[in-house]
Amino acid sequence: MGKKNQVDDSIIPIDIAPSDPGYLRASRKKITKQEAQRLRSLKLTAPCFLDNIPCRARSKRRVTRKKSTPKLKNKLDSGSFECYLETLWSRLPADKRDLFTRLDCQWFAWYRKASYREKVLSWVKRKEIFSTKYVLVPIVCWGHWSLLIFCHFGESLQSKTRTPCMLLLDSLQMSDALRLEADIRRFMFDIYKAEGRPENKQMIYQVPLLVPKVPQQRNGKECGNFVLYFINLFVKSAPENFNIDNYPYFMKNDWFNAEAVERFCERLHALACNFH
C-alpha cells in the first residue's frame, strides 16, 4: 500500500481577488498560515491611502453623443474658426454679403511659405477679388489672429472717393501688428501681378495700410473671437464706398465692449452647434 501524499497544514491556498486594490491579472498562489494572518491583520489595521486623496465630485454636465463644436472660450484653431465663420456668414444680411469676398483663414499663412505661394495666388485669382468692394482676409500667424481687409481693390489707385486701401484690425496691438506689413505688401503686389493689373510696383506699395485703434482683448485666448466679431460688425456697418477721408469711421476704442463679445460668442456657439 503506497504512501498517501501528505499535505502541509502550514500551507493554505488563497486568491488575490479582483476586488482587491492591487489586483492585476494575479494568479492563484500559496502562502503560509502566518503570512495569511499577517495580511488579514494588515487589512484590518492599515489606513487606506486612497482616503487621503480628495475625490472630485461627479460632473453635472450632460454628456452628448453628438460631435461637439469647440467652445469659443478656447483659443480657436483654423478648423474651428472656419466652422464658426461659416455659421456667422450664413446669418449676415445677403445685401451686405454681396459687397464682400472672403479668403480662407489659412491662405495668408500658406502664402508666406514659398512652396505654397503660387498655389495660393491661383486660389485667390478664382475669387475675383477685384470685382467686390471688400475682401476679408483672416490671418493667423505666430499663434495670433488678426483681420486684414482689402478695400476697393478694383478701383483706380488715383481715385479720391474710393481710394484702394487696407485695414488691419488687431485686438492685441502690443504684439506690433505692423510686423506683418512686409508680407502683406508682398501678398498684395503678387495678387495685382497675378491678375495682370496695369499698376506698377511703386504705385502698389503706396496703397495705405491703416491700423485703427480697436478694442483690445483681455487674455491670450480671445484673438480669434475678436476677429469673428470684427467681421460681424464690419460687414453690417461698412459703407458702400469706403472713403479714406472719413477713416476710422466706427473703428475706435469704444466700438464695442468685452461683454458684447461674450454675448456674441455665446450666441454664435449655440448657432454653430445647431448648424453643424
# chains A, B, ... in the order shown; residues from 1 in each chain; ligands from 1
>>> closest_atom_pairs(of="stretch 127-156 of chain A", to="stretch 207-211 of chain A", cutoff="10 Å", atoms="only C-alpha atoms", output="tab-separated table")
residue	atom	partner	partner_atom	distance
A:Leu148	CA	A:Leu209	CA	9.5
A:Ile149	CA	A:Leu209	CA	9.6
A:Phe150	CA	A:Leu209	CA	9.3
A:Phe153	CA	A:Val207	CA	9.7
>>> write_last_selection(atoms="N, CA and C atoms", output="short mmCIF file (atom, residue, chain, number, x, y, z; two decimals), in the first residue's frame")
data_model
loop_
_atom_site.label_atom_id
_atom_site.label_comp_id
_atom_site.auth_asym_id
_atom_site.auth_seq_id
_atom_site.Cartn_x
_atom_site.Cartn_y
_atom_site.Cartn_z
N LEU A 148 -7.29 91.27 -41.84
CA LEU A 148 -6.88 92.17 -42.91
C LEU A 148 -8.07 92.38 -43.84
N ILE A 149 -8.31 93.63 -44.24
CA ILE A 149 -9.42 93.94 -45.14
C ILE A 149 -8.89 94.76 -46.31
N PHE A 150 -9.08 94.25 -47.51
CA PHE A 150 -8.77 95.00 -48.73
C PHE A 150 -9.99 95.81 -49.11
N PHE A 153 -10.16 97.34 -54.15
CA PHE A 153 -9.00 96.95 -54.96
C PHE A 153 -9.30 97.01 -56.45
#
>>> atom_distance(atom1="atom CA of A:Leu233", atom2="atom CA of A:Lys75")
20.6 Å
>>> residues_around(residues="A:Leu92", least_positions_apart="5", cutoff="10 Å", atoms="only C-alpha atoms", output="JSON, numbers by chain")
{"A": [87, 97, 232, 233, 235, 236]}
>>> write_last_selection(atoms="C-alpha atoms", output="compact mmCIF listing (two decimals), in the first residue's frame")
# COMPACT_ATOMS: atom_id res chain seq x y z
CA THR A 87 -22.19 79.86 -39.38
CA ARG A 97 -22.55 89.89 -48.01
CA ASN A 232 -19.69 90.56 -37.86
CA LEU A 233 -19.71 94.27 -37.11
CA VAL A 235 -19.92 93.60 -42.64
CA LYS A 236 -23.04 95.10 -41.04
>>> atom_distance(atom1="atom CA of A:Asn253", atom2="atom CA of A:Val214")
4.8 Å
>>> residues_around(residues="A:His152", least_positions_apart="2", cutoff="6 Å", atoms="only C-alpha atoms", output="ChimeraX atom specification")
/A:133,154-155,164
>>> write_last_selection(atoms="all heavy atoms", output="JSON list (two decimals), in the first residue's frame")
[["chain", "number", "residue", "atom", "x", "y", "z"],
["A", 133, "LYS", "N", -16.19, 95.13, -53.40],
["A", 133, "LYS", "CA", -15.71, 96.32, -52.69],
["A", 133, "LYS", "C", -14.75, 95.98, -51.56],
["A", 133, "LYS", "O", -13.82, 96.73, -51.28],
["A", 133, "LYS", "CB", -16.89, 97.12, -52.16],
["A", 133, "LYS", "CG", -17.76, 97.71, -53.27],
["A", 133, "LYS", "CD", -18.86, 98.57, -52.71],
["A", 133, "LYS", "CE", -19.73, 99.12, -53.83],
["A", 133, "LYS", "NZ", -18.99, 100.09, -54.69],
["A", 154, "GLY", "N", -10.57, 97.06, -56.81],
["A", 154, "GLY", "CA", -10.91, 97.15, -58.22],
["A", 154, "GLY", "C", -10.90, 98.56, -58.77],
["A", 154, "GLY", "O", -11.06, 98.78, -59.98],
["A", 155, "GLU", "N", -10.70, 99.54, -57.88],
["A", 155, "GLU", "CA", -10.71, 100.94, -58.28],
["A", 155, "GLU", "C", -9.32, 101.43, -58.65],
["A", 155, "GLU", "O", -8.31, 100.81, -58.29],
["A", 155, "GLU", "CB", -11.28, 101.81, -57.15],
["A", 155, "GLU", "CG", -12.68, 101.44, -56.70],
["A", 155, "GLU", "CD", -13.73, 101.70, -57.77],
["A", 155, "GLU", "OE1", -13.49, 102.57, -58.64],
["A", 155, "GLU", "OE2", -14.78, 101.04, -57.74],
["A", 164, "PRO", "N", -8.27, 102.79, -53.01],
["A", 164, "PRO", "CA", -7.87, 101.46, -52.52],
["A", 164, "PRO", "C", -7.00, 101.61, -51.27],
["A", 164, "PRO", "O", -6.10, 102.44, -51.21],
["A", 164, "PRO", "CB", -7.07, 100.87, -53.68],
["A", 164, "PRO", "CG", -7.60, 101.55, -54.89],
["A", 164, "PRO", "CD", -7.89, 102.96, -54.44]]
>>> residues_around(residues="A:Asn74", least_positions_apart="5", cutoff="12 Å", atoms="only C-alpha atoms", output="PyMOL selection string")
chain A and resi 69+80-81+219-225+265+269
>>> write_last_selection(atoms="C-alpha atoms", output="PDB file, in the first residue's frame")
ATOM      1  CA  THR A  69     -18.281  72.184 -31.646  1.00  0.00           C
ATOM      2  CA  SER A  80     -12.886  75.751 -35.554  1.00  0.00           C
ATOM      3  CA  PHE A  81     -12.556  79.310 -36.860  1.00  0.00           C
ATOM      4  CA  ASN A 219      -6.304  87.493 -22.285  1.00  0.00           C
ATOM      5  CA  GLY A 220      -4.261  85.297 -24.595  1.00  0.00           C
ATOM      6  CA  LYS A 221      -7.196  83.256 -25.942  1.00  0.00           C
ATOM      7  CA  GLU A 222      -9.661  85.823 -27.267  1.00  0.00           C
ATOM      8  CA  CYS A 223      -7.994  86.917 -30.524  1.00  0.00           C
ATOM      9  CA  GLY A 224      -9.964  84.510 -32.734  1.00  0.00           C
ATOM     10  CA  ASN A 225     -13.227  85.561 -31.066  1.00  0.00           C
ATOM     11  CA  CYS A 265     -19.675  84.231 -28.710  1.00  0.00           C
ATOM     12  CA  HIS A 269     -21.598  78.840 -30.368  1.00  0.00           C
TER      13      HIS A 269
END
>>> closest_atom_pairs(of="stretch 139-213 of chain A", to="stretch 120-126 of chain A", cutoff="9 Å", atoms="only C-alpha atoms", output="JSON lines")
{"residue": "A:Phe187", "atom": "CA", "partner": "A:Leu121", "partner_atom": "CA", "distance": 8.7}
{"residue": "A:Asp190", "atom": "CA", "partner": "A:Leu121", "partner_atom": "CA", "distance": 7.5}
{"residue": "A:Ile191", "atom": "CA", "partner": "A:Leu121", "partner_atom": "CA", "distance": 6.5}
{"residue": "A:Ala194", "atom": "CA", "partner": "A:Leu121", "partner_atom": "CA", "distance": 7.0}
{"residue": "A:Glu195", "atom": "CA", "partner": "A:Lys125", "partner_atom": "CA", "distance": 6.8}
>>> residues_around(residues="stretch 102-110 of chain A", least_positions_apart="3", cutoff="8 Å", atoms="only C-alpha atoms", output="ChimeraX atom specification")
/A:78,81-82,113,116-117,120,124,135-141,187
>>> write_last_selection(atoms="N, CA and C atoms", output="PDB file, in the first residue's frame")
ATOM      1  N   SER A  78      -7.634  76.772 -36.831  1.00  0.00           N
ATOM      2  CA  SER A  78      -8.177  77.212 -38.110  1.00  0.00           C
ATOM      3  C   SER A  78      -9.468  76.482 -38.463  1.00  0.00           C
ATOM      4  N   PHE A  81     -12.276  77.948 -36.391  1.00  0.00           N
ATOM      5  CA  PHE A  81     -12.556  79.310 -36.860  1.00  0.00           C
ATOM      6  C   PHE A  81     -13.431  79.274 -38.109  1.00  0.00           C
ATOM      7  N   GLU A  82     -13.064  78.429 -39.077  1.00  0.00           N
ATOM      8  CA  GLU A  82     -13.839  78.349 -40.317  1.00  0.00           C
ATOM      9  C   GLU A  82     -15.254  77.841 -40.048  1.00  0.00           C
ATOM     10  N   LYS A 113       4.848  80.716 -47.159  1.00  0.00           N
ATOM     11  CA  LYS A 113       5.767  79.617 -47.462  1.00  0.00           C
ATOM     12  C   LYS A 113       5.959  79.538 -48.972  1.00  0.00           C
ATOM     13  N   TYR A 116       4.107  77.066 -51.287  1.00  0.00           N
ATOM     14  CA  TYR A 116       2.657  77.150 -51.479  1.00  0.00           C
ATOM     15  C   TYR A 116       2.234  78.431 -52.202  1.00  0.00           C
ATOM     16  N   ARG A 117       3.152  79.341 -52.413  1.00  0.00           N
ATOM     17  CA  ARG A 117       2.807  80.699 -52.869  1.00  0.00           C
ATOM     18  C   ARG A 117       2.007  80.710 -54.168  1.00  0.00           C
ATOM     19  N   VAL A 120      -1.565  79.356 -53.726  1.00  0.00           N
ATOM     20  CA  VAL A 120      -2.457  80.290 -53.040  1.00  0.00           C
ATOM     21  C   VAL A 120      -2.892  81.410 -53.977  1.00  0.00           C
ATOM     22  N   VAL A 124      -6.669  82.613 -54.964  1.00  0.00           N
ATOM     23  CA  VAL A 124      -7.150  83.985 -54.807  1.00  0.00           C
ATOM     24  C   VAL A 124      -7.700  84.507 -56.128  1.00  0.00           C
ATOM     25  N   VAL A 135     -12.567  92.755 -49.318  1.00  0.00           N
ATOM     26  CA  VAL A 135     -12.073  91.377 -49.229  1.00  0.00           C
ATOM     27  C   VAL A 135     -11.616  91.141 -47.798  1.00  0.00           C
ATOM     28  N   LEU A 136     -12.214  90.154 -47.139  1.00  0.00           N
ATOM     29  CA  LEU A 136     -11.838  89.804 -45.771  1.00  0.00           C
ATOM     30  C   LEU A 136     -10.757  88.736 -45.796  1.00  0.00           C
ATOM     31  N   VAL A 137      -9.660  89.016 -45.110  1.00  0.00           N
ATOM     32  CA  VAL A 137      -8.531  88.083 -45.066  1.00  0.00           C
ATOM     33  C   VAL A 137      -8.190  87.786 -43.601  1.00  0.00           C
ATOM     34  N   PRO A 138      -8.834  86.786 -43.005  1.00  0.00           N
ATOM     35  CA  PRO A 138      -8.436  86.407 -41.638  1.00  0.00           C
ATOM     36  C   PRO A 138      -6.990  85.894 -41.667  1.00  0.00           C
ATOM     37  N   ILE A 139      -6.216  86.330 -40.684  1.00  0.00           N
ATOM     38  CA  ILE A 139      -4.795  85.961 -40.625  1.00  0.00           C
ATOM     39  C   ILE A 139      -4.497  85.292 -39.295  1.00  0.00           C
ATOM     40  N   VAL A 140      -3.805  84.177 -39.337  1.00  0.00           N
ATOM     41  CA  VAL A 140      -3.290  83.569 -38.108  1.00  0.00           C
ATOM     42  C   VAL A 140      -1.795  83.322 -38.314  1.00  0.00           C
ATOM     43  N   CYS A 141      -1.000  84.052 -37.560  1.00  0.00           N
ATOM     44  CA  CYS A 141       0.466  83.930 -37.613  1.00  0.00           C
ATOM     45  C   CYS A 141       1.012  84.004 -36.192  1.00  0.00           C
ATOM     46  N   PHE A 187       2.157  90.187 -50.544  1.00  0.00           N
ATOM     47  CA  PHE A 187       0.952  89.452 -50.905  1.00  0.00           C
ATOM     48  C   PHE A 187       0.086  90.287 -51.847  1.00  0.00           C
TER      49      PHE A 187
END
>>> atom_distance(atom1="atom CA of A:Ala258", atom2="atom CA of A:Asn274")
24.9 Å
>>> closest_residue(among="A:Ala114, A:Gln206, A:Ser146, A:Asp98", to="A:Leu178", atoms="only C-alpha atoms")
A:Ser146
>>> residues_around(residues="A:Arg162", least_positions_apart="5", cutoff="9 Å", atoms="only C-alpha atoms", output="PyMOL selection string")
chain A and resi 151-152+155-157+241-244
